[in-house]
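Enquirer: Just dropping this structure here.
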Amino acid sequence: QVGKFGTITPVAELEPISLAGTTVKRATLFNFDQIERLGIRIGDTVLVEKAGEIIPQIIEVVKSQKPSKKNGIIRPEFCPDCKYRACQNGASWRCINRKCPAQVCARLIFFCGRNQMDIDGVGPLLIDKLYGANLVRDYADLFKLKTKRERLLKLDRTGEKSVDNLLKSIEAAKNRPLARLLAALSIKLVGSTASKLLTKYYTDMDSLSTAKEINLLHIDGIGPELAWSLVEFFESKTGQRVVSDLKLMGVNMTQPEEQSGSKQIFAGLTIVVTGTLKNFKRDEIKQLITSLGGKVTGAVSKNTDLLVCGDSPGSKLEKAKSLGVEVIDEQEFLIRIK
Ligand SMILES: [Zn+2]
């Protein structure tokens with residue numbers, strides 16, 4: 001089995017057994033070290049347990065076959081799917097071919113998953129079929145399916161009604177909030193939780209995709225590896241194409257404002273920004289203040305509550321001082337938003 005990042009996971013094919021209410025035919029072996037630890041050979045009788053009552057896994061070998069050349073399990077030199085050379089990474093093996101069909105399908109399945117774009121009726125079987133029929137190669141292709149209704153109908157066992165339902169749920173997925181879209185893109189370390197966090201501060205794809213690593217790190221809960229992974233994705237040709245293709249399909253690229261939840265530390269405050277800032281582009285800091293409940297205006301007046309002052313400020317600083325408006329520097333601003 002090959003995952004969305006190319007990790008090759010050995011899976012045991014079992015004689016079907018009934019276990020805790022379901023029929024079990026396959027069990028994960030996690031990695032190739034695990035196979036050695038258990039000493040499993042093809043044809044062995046094994047003890048299977050359901051981890052957390054859900055995932056079947058092999059606990060031990062009950063009756064072992066005599067070792068022979070035929071029944072040993074070897075580490076994969078090549079990806080079982082695309083036959084590309086596999087690379088070792090610790091205990092796991094990876095296929096490094098980004099176009100590997102198994103990986104592409106795994107990413108597509110994940111994209112449509114309930115916690116991501118939540119596209120009803122698109123599971124592993126359908127993705128395999130769509131891929132096999134050359135109808136879908138990337139995320140954007142899903143949204144082009146409505147122009148290929150005739151070909152969808154020809155895919156076996158898909159009736160008119162189910163095709164229309166499928167197209168309807170794909171169309172509905174265009175309106176998912178940015179947090180879901182971001183979580184769906186299989187960016188390393190960027191899952192649902194990180195995506196929700198990120199889109200609190202960066203409420204549209206443009207600001208998120210051009211965010212600087214250092215600014216991402218100011219967000220509580222975003223570590224350096226994640227920030228780097230995100231920046232790398234948006235700077236890569238692949239990442240940029242993924243985003244622009246989805247944009248072209250009319251997929252929503254914004255995060256609706258949250259009514260509650262995020263700490264609205266600038267709620268009700270009118271804020272002016274002046275001078276050159278080290279950590280923010282002007283648009284970024286405006287976005288950030290807005291997302292924290294503040295209102296950003298261009299000029300200092302008696303209605304201004306706060307002036308954020310960078311290097312070499314102009315007349316705004318003088319004006320603020322004369323009006324008794326509170327002035328903070330960038331350092332203080334960073335402390336307040338922490
Ligand atoms: Zn492969």
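Ordering of the structure tokens sets the chain letters (A, B, ...), residue numbers begin anew at 1 in every chain, and ligands are numbered from 1 in the order given.
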Which polymer residues have any atom within 12 Å of an atom of Leu230 of chain A, counting only C-alpha atoms, with same-chain residues fewer than 6 positions away left out, as number ranges by chain?

Expert: A: 182-183, 185-191, 194-195, 198, 208-214, 216-217, 222-224, 236, 239-240

Enquirer: Sorted by chain and rising residue number, which residues of chain A lie within 12 Å of ligand 1, and what are their closest atom pairs and distances in Å to one decimal, counting only C-alpha atoms and all ligand atoms, as JSON lines?

Expert:
```
{"residue": "A:Gln1", "atom": "CA", "partner": "ligand 1", "partner_atom_place_in_ligand_line": "1 (Zn)", "distance": 9.7}
{"residue": "A:Val2", "atom": "CA", "partner": "ligand 1", "partner_atom_place_in_ligand_line": "1 (Zn)", "distance": 7.0}
{"residue": "A:Gly3", "atom": "CA", "partner": "ligand 1", "partner_atom_place_in_ligand_line": "1 (Zn)", "distance": 9.3}
{"residue": "A:Lys4", "atom": "CA", "partner": "ligand 1", "partner_atom_place_in_ligand_line": "1 (Zn)", "distance": 10.1}
{"residue": "A:Phe5", "atom": "CA", "partner": "ligand 1", "partner_atom_place_in_ligand_line": "1 (Zn)", "distance": 9.9}
{"residue": "A:Gly6", "atom": "CA", "partner": "ligand 1", "partner_atom_place_in_ligand_line": "1 (Zn)", "distance": 6.6}
{"residue": "A:Thr7", "atom": "CA", "partner": "ligand 1", "partner_atom_place_in_ligand_line": "1 (Zn)", "distance": 9.0}
{"residue": "A:Ile8", "atom": "CA", "partner": "ligand 1", "partner_atom_place_in_ligand_line": "1 (Zn)", "distance": 8.5}
{"residue": "A:Thr9", "atom": "CA", "partner": "ligand 1", "partner_atom_place_in_ligand_line": "1 (Zn)", "distance": 11.9}
{"residue": "A:Pro76", "atom": "CA", "partner": "ligand 1", "partner_atom_place_in_ligand_line": "1 (Zn)", "distance": 11.0}
{"residue": "A:Glu77", "atom": "CA", "partner": "ligand 1", "partner_atom_place_in_ligand_line": "1 (Zn)", "distance": 11.1}
{"residue": "A:Phe78", "atom": "CA", "partner": "ligand 1", "partner_atom_place_in_ligand_line": "1 (Zn)", "distance": 7.8}
{"residue": "A:Cys79", "atom": "CA", "partner": "ligand 1", "partner_atom_place_in_ligand_line": "1 (Zn)", "distance": 4.5}
{"residue": "A:Pro80", "atom": "CA", "partner": "ligand 1", "partner_atom_place_in_ligand_line": "1 (Zn)", "distance": 6.6}
{"residue": "A:Asp81", "atom": "CA", "partner": "ligand 1", "partner_atom_place_in_ligand_line": "1 (Zn)", "distance": 5.1}
{"residue": "A:Cys82", "atom": "CA", "partner": "ligand 1", "partner_atom_place_in_ligand_line": "1 (Zn)", "distance": 4.2}
{"residue": "A:Lys83", "atom": "CA", "partner": "ligand 1", "partner_atom_place_in_ligand_line": "1 (Zn)", "distance": 6.1}
{"residue": "A:Tyr84", "atom": "CA", "partner": "ligand 1", "partner_atom_place_in_ligand_line": "1 (Zn)", "distance": 5.5}
{"residue": "A:Arg85", "atom": "CA", "partner": "ligand 1", "partner_atom_place_in_ligand_line": "1 (Zn)", "distance": 8.0}
{"residue": "A:Ala86", "atom": "CA", "partner": "ligand 1", "partner_atom_place_in_ligand_line": "1 (Zn)", "distance": 7.8}
{"residue": "A:Cys87", "atom": "CA", "partner": "ligand 1", "partner_atom_place_in_ligand_line": "1 (Zn)", "distance": 10.7}
{"residue": "A:Trp93", "atom": "CA", "partner": "ligand 1", "partner_atom_place_in_ligand_line": "1 (Zn)", "distance": 10.8}
{"residue": "A:Arg94", "atom": "CA", "partner": "ligand 1", "partner_atom_place_in_ligand_line": "1 (Zn)", "distance": 8.1}
{"residue": "A:Cys95", "atom": "CA", "partner": "ligand 1", "partner_atom_place_in_ligand_line": "1 (Zn)", "distance": 4.7}
{"residue": "A:Ile96", "atom": "CA", "partner": "ligand 1", "partner_atom_place_in_ligand_line": "1 (Zn)", "distance": 6.8}
{"residue": "A:Asn97", "atom": "CA", "partner": "ligand 1", "partner_atom_place_in_ligand_line": "1 (Zn)", "distance": 5.6}
{"residue": "A:Arg98", "atom": "CA", "partner": "ligand 1", "partner_atom_place_in_ligand_line": "1 (Zn)", "distance": 7.7}
{"residue": "A:Lys99", "atom": "CA", "partner": "ligand 1", "partner_atom_place_in_ligand_line": "1 (Zn)", "distance": 7.6}
{"residue": "A:Cys100", "atom": "CA", "partner": "ligand 1", "partner_atom_place_in_ligand_line": "1 (Zn)", "distance": 4.1}
{"residue": "A:Pro101", "atom": "CA", "partner": "ligand 1", "partner_atom_place_in_ligand_line": "1 (Zn)", "distance": 6.6}
{"residue": "A:Ala102", "atom": "CA", "partner": "ligand 1", "partner_atom_place_in_ligand_line": "1 (Zn)", "distance": 6.2}
{"residue": "A:Gln103", "atom": "CA", "partner": "ligand 1", "partner_atom_place_in_ligand_line": "1 (Zn)", "distance": 6.7}
{"residue": "A:Val104", "atom": "CA", "partner": "ligand 1", "partner_atom_place_in_ligand_line": "1 (Zn)", "distance": 9.2}
{"residue": "A:Cys105", "atom": "CA", "partner": "ligand 1", "partner_atom_place_in_ligand_line": "1 (Zn)", "distance": 10.9}
{"residue": "A:Ala106", "atom": "CA", "partner": "ligand 1", "partner_atom_place_in_ligand_line": "1 (Zn)", "distance": 11.2}
```

Enquirer: List every residue of segment 144-275 of chain A that DSSP, applied to the backbone, labels as helix (DSSP H, G or I), and write the result as a ChimeraX atom specification.

Expert: /A:144-154,160-175,178-184,192-201,205-209,213-216,224-235,237-248

Enquirer: Find the residue from A:Leu152, A:Val327, A:Ala133, A:Leu181 that sits nearest to Asn165 of chain A; use only C-alpha atoms when measuring.

Expert: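 Closest to Asn165 of chain A, using only C-alpha atoms: A:Leu152.
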
Enquirer: Using only C-alpha atoms, determine which residues lie at most 7 Å from segment 14-27 of chain A, disregarding the query and same-chain residues fewer than 2 positions distant; provide the list as JSON, numbers by chain.

Expert: {"A": [11, 12, 29, 56, 57, 58]}

Enquirer: Take the selection from the previous step and output its residues with N, CA, C and O atoms, as a short mmCIF file (atom, residue, chain, number, x, y, z; two decimals), in the first residue's frame.

Expert:
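Output below, filename result.cif:
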```cif
data_model
loop_
_atom_site.label_atom_id
_atom_site.label_comp_id
_atom_site.auth_asym_id
_atom_site.auth_seq_id
_atom_site.Cartn_x
_atom_site.Cartn_y
_atom_site.Cartn_z
N VAL A 11 1.07 -4.61 3.85
CA VAL A 11 -0.25 -5.03 4.32
C VAL A 11 -0.36 -6.54 4.15
O VAL A 11 0.00 -7.08 3.10
N ALA A 12 -0.84 -7.21 5.19
CA ALA A 12 -0.99 -8.66 5.11
C ALA A 12 -2.35 -9.02 4.53
O ALA A 12 -3.37 -8.47 4.94
N LEU A 29 0.84 -4.01 8.55
CA LEU A 29 2.07 -4.49 9.20
C LEU A 29 2.98 -3.32 9.55
O LEU A 29 4.13 -3.49 9.93
N PRO A 56 -7.43 -3.63 12.20
CA PRO A 56 -6.88 -4.96 12.45
C PRO A 56 -5.35 -4.95 12.35
O PRO A 56 -4.80 -4.39 11.42
N GLN A 57 -4.71 -5.55 13.33
CA GLN A 57 -3.26 -5.67 13.25
C GLN A 57 -2.80 -7.03 13.76
O GLN A 57 -3.48 -7.67 14.56
N ILE A 58 -1.64 -7.43 13.27
CA ILE A 58 -1.14 -8.76 13.62
C ILE A 58 -0.31 -8.68 14.90
O ILE A 58 0.60 -7.86 15.01
#
```

Enquirer: I need the residue nearest Val272 of chain A from this list: A:Asp329, A:Asp204, A:Asp245, A:Glu235. Use only C-alpha atoms for the distance.

Expert: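 Closest to Val272 of chain A, using only C-alpha atoms: A:Asp329.
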
Enquirer: Between A:Leu38, A:Val308, A:Ile219, A:Val242, single out the one closest to Ser64 of chain A, counting only C-alpha atoms.

Expert: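 The answer is A:Leu38, which sits nearest to Ser64 of chain A.
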
Enquirer: Got a sec: who's within 10 Å of Lys278 of chain A, counting only C-alpha atoms, leaving out chain neighbours fewer than 4 positions off, as a ChimeraX atom specification?

Expert: /A:310-311,330-331

Enquirer: Using only C-alpha atoms, which residues sit within 10 Å of Ser315 of chain A once same-chain residues fewer than 5 positions away are excluded, as a ChimeraX atom specification?

Expert: /A:274-275,299-300,320
